[in-house]
file my_file-v3.cif (mmCIF, C-alpha atoms)
data_model
loop_
_atom_site.group_PDB
_atom_site.id
_atom_site.type_symbol
_atom_site.label_atom_id
_atom_site.label_comp_id
_atom_site.auth_asym_id
_atom_site.auth_seq_id
_atom_site.Cartn_x
_atom_site.Cartn_y
_atom_site.Cartn_z
ATOM 1 C CA MET A 1370 150.311 86.179 100.995
ATOM 2 C CA HIS A 1371 147.425 83.841 100.251
ATOM 3 C CA GLY A 1372 145.676 84.266 96.916
ATOM 4 C CA SER A 1373 145.612 87.507 94.908
ATOM 5 C CA PHE A 1374 145.040 91.222 95.561
ATOM 6 C CA GLU A 1375 148.180 91.488 97.700
ATOM 7 C CA GLU A 1376 148.461 95.266 97.234
ATOM 8 C CA GLU A 1377 144.792 95.864 98.026
ATOM 9 C CA ARG A 1378 144.885 93.622 101.098
ATOM 10 C CA THR A 1379 147.912 95.490 102.409
ATOM 11 C CA LEU A 1380 146.199 98.836 101.796
ATOM 12 C CA ILE A 1381 143.107 97.780 103.763
ATOM 13 C CA ALA A 1382 145.227 96.377 106.598
ATOM 14 C CA ASP A 1383 147.188 99.630 106.823
ATOM 15 C CA ALA A 1384 143.928 101.570 106.778
ATOM 16 C CA CYS A 1385 142.585 99.537 109.699
ATOM 17 C CA ARG A 1386 145.716 100.380 111.662
ATOM 18 C CA VAL A 1387 145.258 104.074 110.798
ATOM 19 C CA LEU A 1388 141.732 103.955 112.250
ATOM 20 C CA ALA A 1389 143.106 102.524 115.471
ATOM 21 C CA ALA A 1390 146.017 104.989 115.626
ATOM 22 C CA ARG A 1391 143.581 107.874 115.207
ATOM 23 C CA GLY A 1392 141.353 106.572 117.991
ATOM 24 C CA LEU A 1393 138.428 105.834 115.680
ATOM 25 C CA ALA A 1394 138.387 102.116 116.454
ATOM 26 C CA ASP A 1395 139.608 100.128 119.411
ATOM 27 C CA GLY A 1396 139.967 96.497 120.415
ATOM 28 C CA PHE A 1397 138.768 94.135 117.713
ATOM 29 C CA LEU A 1398 135.807 96.215 116.458
ATOM 30 C CA GLY A 1399 135.614 98.030 113.122
ATOM 31 C CA HIS A 1400 136.190 96.937 109.547
ATOM 32 C CA ILE A 1401 137.030 98.253 106.088
ATOM 33 C CA SER A 1402 136.035 96.900 102.694
ATOM 34 C CA LEU A 1403 136.963 97.436 99.059
ATOM 35 C CA ARG A 1404 134.726 96.468 96.133
ATOM 36 C CA VAL A 1405 136.538 94.197 93.675
ATOM 37 C CA ASP A 1406 133.815 93.696 91.072
ATOM 38 C CA GLU A 1407 130.024 93.563 90.770
ATOM 39 C CA ASP A 1408 129.496 90.967 93.471
ATOM 40 C CA THR A 1409 132.723 90.517 95.451
ATOM 41 C CA LEU A 1410 134.740 92.572 97.897
ATOM 42 C CA LEU A 1411 137.786 92.452 100.120
ATOM 43 C CA VAL A 1412 136.989 92.937 103.812
ATOM 44 C CA ARG A 1413 138.660 92.610 107.187
ATOM 45 C CA CYS A 1414 137.503 89.298 108.654
ATOM 46 C CA ARG A 1415 137.718 87.425 111.925
ATOM 47 C CA GLY A 1416 140.558 84.932 112.027
ATOM 48 C CA PRO A 1417 141.961 82.224 114.257
ATOM 49 C CA GLN A 1418 144.633 84.592 115.578
ATOM 50 C CA GLU A 1419 142.519 87.737 116.100
ATOM 51 C CA ARG A 1420 144.787 90.498 117.484
ATOM 52 C CA GLY A 1421 142.584 93.535 117.091
ATOM 53 C CA ILE A 1422 142.222 96.276 114.533
ATOM 54 C CA ALA A 1423 145.455 98.027 115.533
ATOM 55 C CA CYS A 1424 147.370 94.882 114.603
ATOM 56 C CA THR A 1425 145.582 94.106 111.328
ATOM 57 C CA VAL A 1426 147.736 92.413 108.684
ATOM 58 C CA ALA A 1427 147.081 91.617 105.036
ATOM 59 C CA GLU A 1428 146.231 88.019 105.921
ATOM 60 C CA ASP A 1429 143.181 89.306 107.827
ATOM 61 C CA ILE A 1430 141.684 90.701 104.615
ATOM 62 C CA ARG A 1431 139.625 88.102 102.735
ATOM 63 C CA HIS A 1432 137.946 88.002 99.325
ATOM 64 C CA VAL A 1433 134.243 87.184 99.566
ATOM 65 C CA PHE A 1434 130.991 87.443 97.652
ATOM 66 C CA PHE A 1435 128.420 90.003 98.768
ATOM 67 C CA ASP A 1436 126.484 87.176 100.428
ATOM 68 C CA GLY A 1437 129.476 86.368 102.645
ATOM 69 C CA THR A 1438 130.587 83.185 100.915
ATOM 70 C CA PRO A 1439 134.252 82.741 99.874
ATOM 71 C CA ALA A 1440 135.217 84.149 96.484
ATOM 72 C CA GLY A 1441 138.273 81.927 96.151
ATOM 73 C CA PRO A 1442 139.811 78.694 97.408
ATOM 74 C CA SER A 1443 140.470 78.713 101.171
ATOM 75 C CA GLU A 1444 139.438 82.371 101.518
ATOM 76 C CA LEU A 1445 137.333 81.603 104.580
ATOM 77 C CA ASP A 1446 139.085 78.497 105.879
ATOM 78 C CA GLY A 1447 139.264 79.343 109.584
ATOM 79 C CA TRP A 1448 137.935 82.858 108.927
ATOM 80 C CA ALA A 1449 134.524 84.478 109.300
ATOM 81 C CA VAL A 1450 133.124 87.604 107.680
ATOM 82 C CA PRO A 1451 132.119 90.416 110.077
ATOM 83 C CA ASN A 1452 128.564 90.309 111.402
ATOM 84 C CA GLU A 1453 128.036 93.700 109.808
ATOM 85 C CA LEU A 1454 128.995 92.674 106.277
ATOM 86 C CA PRO A 1455 125.503 93.860 105.165
ATOM 87 C CA LEU A 1456 126.537 97.384 106.229
ATOM 88 C CA HIS A 1457 129.226 97.304 103.533
ATOM 89 C CA THR A 1458 127.306 95.498 100.816
ATOM 90 C CA GLY A 1459 124.171 97.560 101.435
ATOM 91 C CA VAL A 1460 126.001 100.803 100.635
ATOM 92 C CA MET A 1461 127.738 99.276 97.607
ATOM 93 C CA LYS A 1462 124.492 97.910 96.206
ATOM 94 C CA ALA A 1463 122.722 101.230 96.676
ATOM 95 C CA ARG A 1464 125.496 103.389 95.222
ATOM 96 C CA ASP A 1465 127.513 102.314 92.196
ATOM 97 C CA GLU A 1466 130.176 104.989 92.735
ATOM 98 C CA VAL A 1467 131.132 103.649 96.162
ATOM 99 C CA MET A 1468 134.173 101.394 96.061
ATOM 100 C CA SER A 1469 135.205 101.422 99.725
ATOM 101 C CA VAL A 1470 133.299 101.453 103.014
ATOM 102 C CA VAL A 1471 134.725 102.161 106.466
ATOM 103 C CA HIS A 1472 132.847 101.274 109.636
ATOM 104 C CA ALA A 1473 134.363 102.584 112.862
ATOM 105 C CA HIS A 1474 133.383 103.348 116.466
ATOM 106 C CA PRO A 1475 134.871 106.801 117.251
ATOM 107 C CA PRO A 1476 133.863 107.587 120.872
ATOM 108 C CA ARG A 1477 133.942 111.355 120.360
ATOM 109 C CA VAL A 1478 131.545 111.201 117.408
ATOM 110 C CA VAL A 1479 129.192 108.956 119.374
ATOM 111 C CA ALA A 1480 129.390 111.267 122.401
ATOM 112 C CA ALA A 1481 128.761 114.397 120.340
ATOM 113 C CA ASP A 1482 125.728 112.873 118.656
ATOM 114 C CA LEU A 1483 124.264 111.656 121.965
ATOM 115 C CA ALA A 1484 124.767 115.173 123.331
ATOM 116 C CA GLY A 1485 122.716 116.551 120.449
ATOM 117 C CA ILE A 1486 125.711 118.095 118.685
ATOM 118 C CA GLU A 1487 125.607 117.934 114.894
ATOM 119 C CA ILE A 1488 128.678 117.727 112.677
ATOM 120 C CA ARG A 1489 128.814 121.275 111.314
ATOM 121 C CA SER A 1490 131.180 123.429 109.270
ATOM 122 C CA ILE A 1491 132.651 125.200 112.293
ATOM 123 C CA VAL A 1492 136.222 125.244 110.958
ATOM 124 C CA GLY A 1493 137.659 126.648 107.764
ATOM 125 C CA ALA A 1494 141.248 126.327 106.572
ATOM 126 C CA PHE A 1495 141.916 124.108 109.606
ATOM 127 C CA ASP A 1496 140.485 121.211 107.549
ATOM 128 C CA ILE A 1497 139.116 122.258 104.164
ATOM 129 C CA PRO A 1498 137.855 118.828 102.993
ATOM 130 C CA GLY A 1499 136.258 118.237 106.398
ATOM 131 C CA THR A 1500 134.603 121.662 106.334
ATOM 132 C CA ARG A 1501 133.094 121.009 102.916
ATOM 133 C CA LEU A 1502 131.920 117.564 103.987
ATOM 134 C CA ALA A 1503 130.242 119.019 107.078
ATOM 135 C CA ALA A 1504 128.669 121.866 105.082
ATOM 136 C CA GLY A 1505 126.906 119.292 102.920
ATOM 137 C CA GLY A 1506 125.448 117.663 106.019
ATOM 138 C CA VAL A 1507 126.259 114.533 108.018
ATOM 139 C CA PRO A 1508 123.016 112.619 108.566
ATOM 140 C CA VAL A 1509 122.235 110.376 111.518
ATOM 141 C CA TYR A 1510 120.807 106.852 111.476
ATOM 142 C CA ARG A 1511 118.843 106.938 114.698
ATOM 143 C CA ARG A 1512 118.763 103.250 115.603
ATOM 144 C CA SER A 1513 121.469 101.883 117.927
ATOM 145 C CA VAL A 1514 121.606 98.458 116.347
ATOM 146 C CA LEU A 1515 124.095 96.080 114.779
ATOM 147 C CA ILE A 1516 123.709 96.356 110.992
ATOM 148 C CA ARG A 1517 123.616 92.575 110.602
ATOM 149 C CA ASN A 1518 121.063 92.112 107.793
ATOM 150 C CA GLN A 1519 119.908 93.770 104.579
ATOM 151 C CA ARG A 1520 116.764 95.197 106.181
ATOM 152 C CA LEU A 1521 118.802 97.213 108.677
ATOM 153 C CA ALA A 1522 121.368 98.044 105.994
ATOM 154 C CA SER A 1523 118.581 99.470 103.828
ATOM 155 C CA GLU A 1524 117.419 101.628 106.730
ATOM 156 C CA MET A 1525 120.954 102.914 107.230
ATOM 157 C CA THR A 1526 121.545 103.649 103.538
ATOM 158 C CA ALA A 1527 118.200 105.457 103.354
ATOM 159 C CA ALA A 1528 119.323 107.682 106.235
ATOM 160 C CA MET A 1529 122.722 108.161 104.586
ATOM 161 C CA GLY A 1530 121.273 109.127 101.213
ATOM 162 C CA GLU A 1531 123.980 110.353 98.861
ATOM 163 C CA ARG A 1532 126.175 111.717 101.640
ATOM 164 C CA PRO A 1533 129.706 110.341 102.195
ATOM 165 C CA VAL A 1534 129.326 109.774 105.954
ATOM 166 C CA VAL A 1535 126.468 108.809 108.244
ATOM 167 C CA VAL A 1536 126.571 108.795 112.054
ATOM 168 C CA LEU A 1537 125.070 105.692 113.660
ATOM 169 C CA ARG A 1538 123.321 106.637 116.905
ATOM 170 C CA GLY A 1539 125.034 105.087 119.935
ATOM 171 C CA HIS A 1540 127.232 103.019 117.607
ATOM 172 C CA GLY A 1541 129.710 104.759 115.310
ATOM 173 C CA ILE A 1542 129.985 105.911 111.707
ATOM 174 C CA THR A 1543 129.887 104.596 108.161
ATOM 175 C CA SER A 1544 132.074 106.359 105.591
ATOM 176 C CA ALA A 1545 131.852 105.614 101.862
ATOM 177 C CA ALA A 1546 134.109 106.775 99.039
ATOM 178 C CA ARG A 1547 135.799 105.898 95.764
ATOM 179 C CA THR A 1548 138.955 104.747 97.530
ATOM 180 C CA VAL A 1549 139.996 103.277 100.858
ATOM 181 C CA GLU A 1550 142.141 106.329 101.549
ATOM 182 C CA GLU A 1551 139.297 108.784 100.965
ATOM 183 C CA ALA A 1552 136.884 106.784 103.124
ATOM 184 C CA VAL A 1553 139.331 106.755 106.039
ATOM 185 C CA LEU A 1554 140.283 110.436 105.691
ATOM 186 C CA GLN A 1555 136.585 111.390 105.698
ATOM 187 C CA ALA A 1556 136.139 109.483 108.947
ATOM 188 C CA ILE A 1557 139.148 111.281 110.475
ATOM 189 C CA SER A 1558 137.728 114.690 109.494
ATOM 190 C CA VAL A 1559 134.309 113.963 110.989
ATOM 191 C CA ASN A 1560 135.942 112.745 114.187
ATOM 192 C CA MET A 1561 138.099 115.890 114.393
ATOM 193 C CA ILE A 1562 135.072 118.170 114.050
ATOM 194 C CA ALA A 1563 133.176 116.164 116.689
ATOM 195 C CA ASP A 1564 136.170 116.421 119.018
ATOM 196 C CA LEU A 1565 136.455 120.185 118.565
ATOM 197 C CA SER A 1566 132.698 120.596 118.986
ATOM 198 C CA LEU A 1567 132.728 118.773 122.309
ATOM 199 C CA GLU A 1568 135.669 120.885 123.504
ATOM 200 C CA ILE A 1569 133.944 124.125 122.505
ATOM 201 C CA VAL A 1570 130.655 123.229 124.169
ATOM 202 C CA SER A 1571 132.454 121.955 127.281
ATOM 203 C CA ALA A 1572 134.272 125.294 127.537
ATOM 204 C CA GLY A 1573 130.937 127.109 127.467
ATOM 205 C CA GLY A 1574 131.244 128.176 123.868
ATOM 206 C CA ARG A 1575 128.676 128.142 121.079
ATOM 207 C CA LEU A 1576 129.072 126.381 117.748
ATOM 208 C CA VAL A 1577 128.884 128.755 114.797
ATOM 209 C CA ASP A 1578 129.241 127.772 111.142
ATOM 210 C CA ILE A 1579 131.852 129.698 109.191
ATOM 211 C CA PRO A 1580 130.243 132.408 107.029
ATOM 212 C CA ALA A 1581 129.423 131.737 103.387
ATOM 213 C CA VAL A 1582 131.957 134.333 102.237
ATOM 214 C CA ASP A 1583 134.737 132.400 103.995
ATOM 215 C CA MET A 1584 133.480 129.076 102.658
ATOM 216 C CA ALA A 1585 133.598 130.500 99.126
ATOM 217 C CA GLU A 1586 137.170 131.665 99.714
ATOM 218 C CA LEU A 1587 138.467 128.202 100.633
ATOM 219 C CA PRO A 1588 140.478 126.782 97.702
ATOM 220 C CA ASP A 1589 140.343 123.268 96.352
ATOM 221 C CA LEU A 1590 143.887 122.071 97.071
ATOM 222 C CA GLY A 1591 143.405 119.008 94.874
ATOM 223 C CA SER A 1592 143.599 115.274 95.411
ATOM 224 C CA THR A 1593 147.417 115.275 95.495
ATOM 225 C CA LEU A 1594 147.445 117.187 98.777
ATOM 226 C CA ASN A 1595 144.014 116.278 100.157
ATOM 227 C CA THR A 1596 144.384 112.537 99.615
ATOM 228 C CA GLU A 1597 147.840 111.410 98.500
ATOM 229 C CA THR A 1598 149.933 113.599 100.812
ATOM 230 C CA ALA A 1599 147.465 113.219 103.670
ATOM 231 C CA TRP A 1600 147.582 109.437 103.306
ATOM 232 C CA ARG A 1601 151.378 109.326 103.278
ATOM 233 C CA HIS A 1602 151.224 111.270 106.531
ATOM 234 C CA GLU A 1603 148.831 108.735 108.091
ATOM 235 C CA ILE A 1604 151.096 105.833 107.124
ATOM 236 C CA ALA A 1605 154.159 107.691 108.414
ATOM 237 C CA ARG A 1606 152.414 108.216 111.759
ATOM 238 C CA LEU A 1607 152.071 104.458 112.057
ATOM 239 C CA ASP A 1608 155.819 104.083 111.607
ATOM 240 C CA VAL A 1609 156.580 106.417 114.493
ATOM 241 C CA GLY A 1610 153.846 105.012 116.708
ATOM 242 C CA THR A 1611 151.852 108.256 116.971
ATOM 243 C CA ARG A 1612 148.356 108.031 118.437
ATOM 244 C CA ARG A 1613 145.510 110.566 118.055
#
call {"tool": "encode", "arguments": {"input": "my_file-v3.cif", "output": "structure tokens"}}
result
Amino acid sequence: MHGSFEEERTLIADACRVLAARGLADGFLGHISLRVDEDTLLVRCRGPQERGIACTVAEDIRHVFFDGTPAGPSELDGWAVPNELPLHTGVMKARDEVMSVVHAHPPRVVAADLAGIEIRSIVGAFDIPGTRLAAGGVPVYRRSVLIRNQRLASEMTAAMGERPVVVLRGHGITSAARTVEEAVLQAISVNMIADLSLEIVSAGGRLVDIPAVDMAELPDLGSTLNTETAWRHEIARLDVGTRR
């Protein structure tokens, strides 16, 4: 593996493949980043042998400065940062606690938003972290644009506020967290709720938030189960070729 951060590059590459396996990103679109220090990050880049997000390998993950210039020798030789690098750096600049940003294009989330369906806490023990995330609100950035500069990134981060996920109208989602694993798992939860919401509405049902008494009863199962075990499951699914 070229350069340093071998473990981190492998983690991001695996995470990109998880997005694809879960149906949150298709083709060659979508990218994940990880902050390395105050002004550099690791991010999935475009390379000379682009094979798509489902086939991402550690070599596709490059170390760059926030301005998109290489942070090490040969980091961008034959490679290009994603057009939406400002989407990642904008969130990181605005929020010191954010270490990883996921940008994906989940069709079901896009469809639900365009249908006027909000991400709401309609499930309980089915997905406790997802329920809590939804209960706190999932805002919408209402412009269907490519987040290709800091002006648009600032608009998006303003819409996102302090929330972990923002829906991008007619585009996709941005998920931000302390770790790559958390950022991806958040995106999976939002997509699952959007999927269920569309199914319920299509069946003629009505979306109803779970009652406060049930929300209060939901336990915090801890990061070992919510993140570590859940992530091992996502990686295992890749090994057996499971999709969705």
call {"tool": "residues_around", "arguments": {"input": "my_file-v3.cif", "residues": "Gly1530 (chain A)", "least_positions_apart": "4", "cutoff": "12 Å", "atoms": "all atoms listed in the file", "output": "ChimeraX atom specification"}}
result
/A:1459-1460,1463-1464,1505-1510,1523-1526,1534-1535,1543-1545
call {"tool": "closest_residue", "arguments": {"input": "my_file-v3.cif", "among": "A:Val1479, A:Ile1557, A:Leu1502, A:Leu1380", "to": "Met1584 (chain A)", "atoms": "only C-alpha atoms"}}
result
A:Leu1502
call {"tool": "closest_residue", "arguments": {"input": "my_file-v3.cif", "among": "A:Pro1475, A:Pro1580, A:Pro1439, A:Gly1573", "to": "Leu1398 (chain A)", "atoms": "all atoms listed in the file"}}
result
A:Pro1475
call {"tool": "residues_near_point", "arguments": {"input": "my_file-v3.cif", "point": "(147.9, 89.0, 100.3)", "cutoff": "9 Å", "atoms": "only C-alpha atoms", "output": "PDB file with C-alpha atoms, in the frame of the given file"}}
result
ATOM      1  CA  MET A1370     150.311  86.179 100.995  1.00  0.00           C
ATOM      2  CA  HIS A1371     147.425  83.841 100.251  1.00  0.00           C
ATOM      3  CA  GLY A1372     145.676  84.266  96.916  1.00  0.00           C
ATOM      4  CA  SER A1373     145.612  87.507  94.908  1.00  0.00           C
ATOM      5  CA  PHE A1374     145.040  91.222  95.561  1.00  0.00           C
ATOM      6  CA  GLU A1375     148.180  91.488  97.700  1.00  0.00           C
ATOM      7  CA  GLU A1376     148.461  95.266  97.234  1.00  0.00           C
ATOM      8  CA  GLU A1377     144.792  95.864  98.026  1.00  0.00           C
ATOM      9  CA  ARG A1378     144.885  93.622 101.098  1.00  0.00           C
ATOM     10  CA  THR A1379     147.912  95.490 102.409  1.00  0.00           C
ATOM     11  CA  ALA A1427     147.081  91.617 105.036  1.00  0.00           C
ATOM     12  CA  GLU A1428     146.231  88.019 105.921  1.00  0.00           C
ATOM     13  CA  ASP A1429     143.181  89.306 107.827  1.00  0.00           C
ATOM     14  CA  ILE A1430     141.684  90.701 104.615  1.00  0.00           C
ATOM     15  CA  ARG A1431     139.625  88.102 102.735  1.00  0.00           C
TER      16      ARG A1431
END
call {"tool": "closest_residue", "arguments": {"input": "my_file-v3.cif", "among": "A:Gly1499, A:Gly1539, A:Pro1442, A:Pro1455", "to": "Asp1482 (chain A)", "atoms": "only C-alpha atoms"}}
result
A:Gly1539
call {"tool": "atom_distance", "arguments": {"input": "my_file-v3.cif", "atom1": "CA of Leu1388 (chain A)", "atom2": "CA of Val1553 (chain A)"}}
result
7.2 Å
call {"tool": "atom_distance", "arguments": {"input": "my_file-v3.cif", "atom1": "CA of Arg1606 (chain A)", "atom2": "CA of Ala1423 (chain A)"}}
result
12.9 Å
call {"tool": "resolve_selection", "arguments": {"input": "my_file-v3.cif", "expression": "the PyMOL selection byres ((chain A and resi 1585) around 12)", "output": "ChimeraX atom specification"}}
result
/A:1493-1494,1497,1500-1501,1504,1579-1584,1586-1589
call {"tool": "closest_residue", "arguments": {"input": "my_file-v3.cif", "among": "A:Ala1572, A:Val1467, A:Ala1382, A:Val1450", "to": "Asp1436 (chain A)", "atoms": "only C-alpha atoms"}}
result
A:Val1450
call {"tool": "closest_atom_pairs", "arguments": {"input": "my_file-v3.cif", "of": "region 1377-1404 of chain A", "to": "region 1408-1417 of chain A", "cutoff": "9 Å", "atoms": "only C-alpha atoms", "output": "JSON lines"}}
result
{"residue": "A:Glu1377", "atom": "CA", "partner": "A:Leu1411", "partner_atom": "CA", "distance": 8.1}
{"residue": "A:Arg1378", "atom": "CA", "partner": "A:Leu1411", "partner_atom": "CA", "distance": 7.3}
{"residue": "A:Ile1381", "atom": "CA", "partner": "A:Arg1413", "partner_atom": "CA", "distance": 7.6}
{"residue": "A:Ala1382", "atom": "CA", "partner": "A:Arg1413", "partner_atom": "CA", "distance": 7.6}
{"residue": "A:Cys1385", "atom": "CA", "partner": "A:Arg1413", "partner_atom": "CA", "distance": 8.3}
{"residue": "A:Phe1397", "atom": "CA", "partner": "A:Arg1415", "partner_atom": "CA", "distance": 8.9}
{"residue": "A:Gly1399", "atom": "CA", "partner": "A:Arg1413", "partner_atom": "CA", "distance": 8.6}
{"residue": "A:His1400", "atom": "CA", "partner": "A:Arg1413", "partner_atom": "CA", "distance": 5.5}
{"residue": "A:Ile1401", "atom": "CA", "partner": "A:Val1412", "partner_atom": "CA", "distance": 5.8}
{"residue": "A:Ser1402", "atom": "CA", "partner": "A:Val1412", "partner_atom": "CA", "distance": 4.2}
{"residue": "A:Leu1403", "atom": "CA", "partner": "A:Leu1411", "partner_atom": "CA", "distance": 5.2}
{"residue": "A:Arg1404", "atom": "CA", "partner": "A:Leu1410", "partner_atom": "CA", "distance": 4.3}
call {"tool": "atom_distance", "arguments": {"input": "my_file-v3.cif", "atom1": "CA of Arg1477 (chain A)", "atom2": "CA of Glu1568 (chain A)"}}
result
10.2 Å
call {"tool": "closest_residue", "arguments": {"input": "my_file-v3.cif", "among": "A:Leu1567, A:Ala1394, A:Val1471, A:Ala1440", "to": "Arg1547 (chain A)", "atoms": "all atoms listed in the file"}}
result
A:Val1471
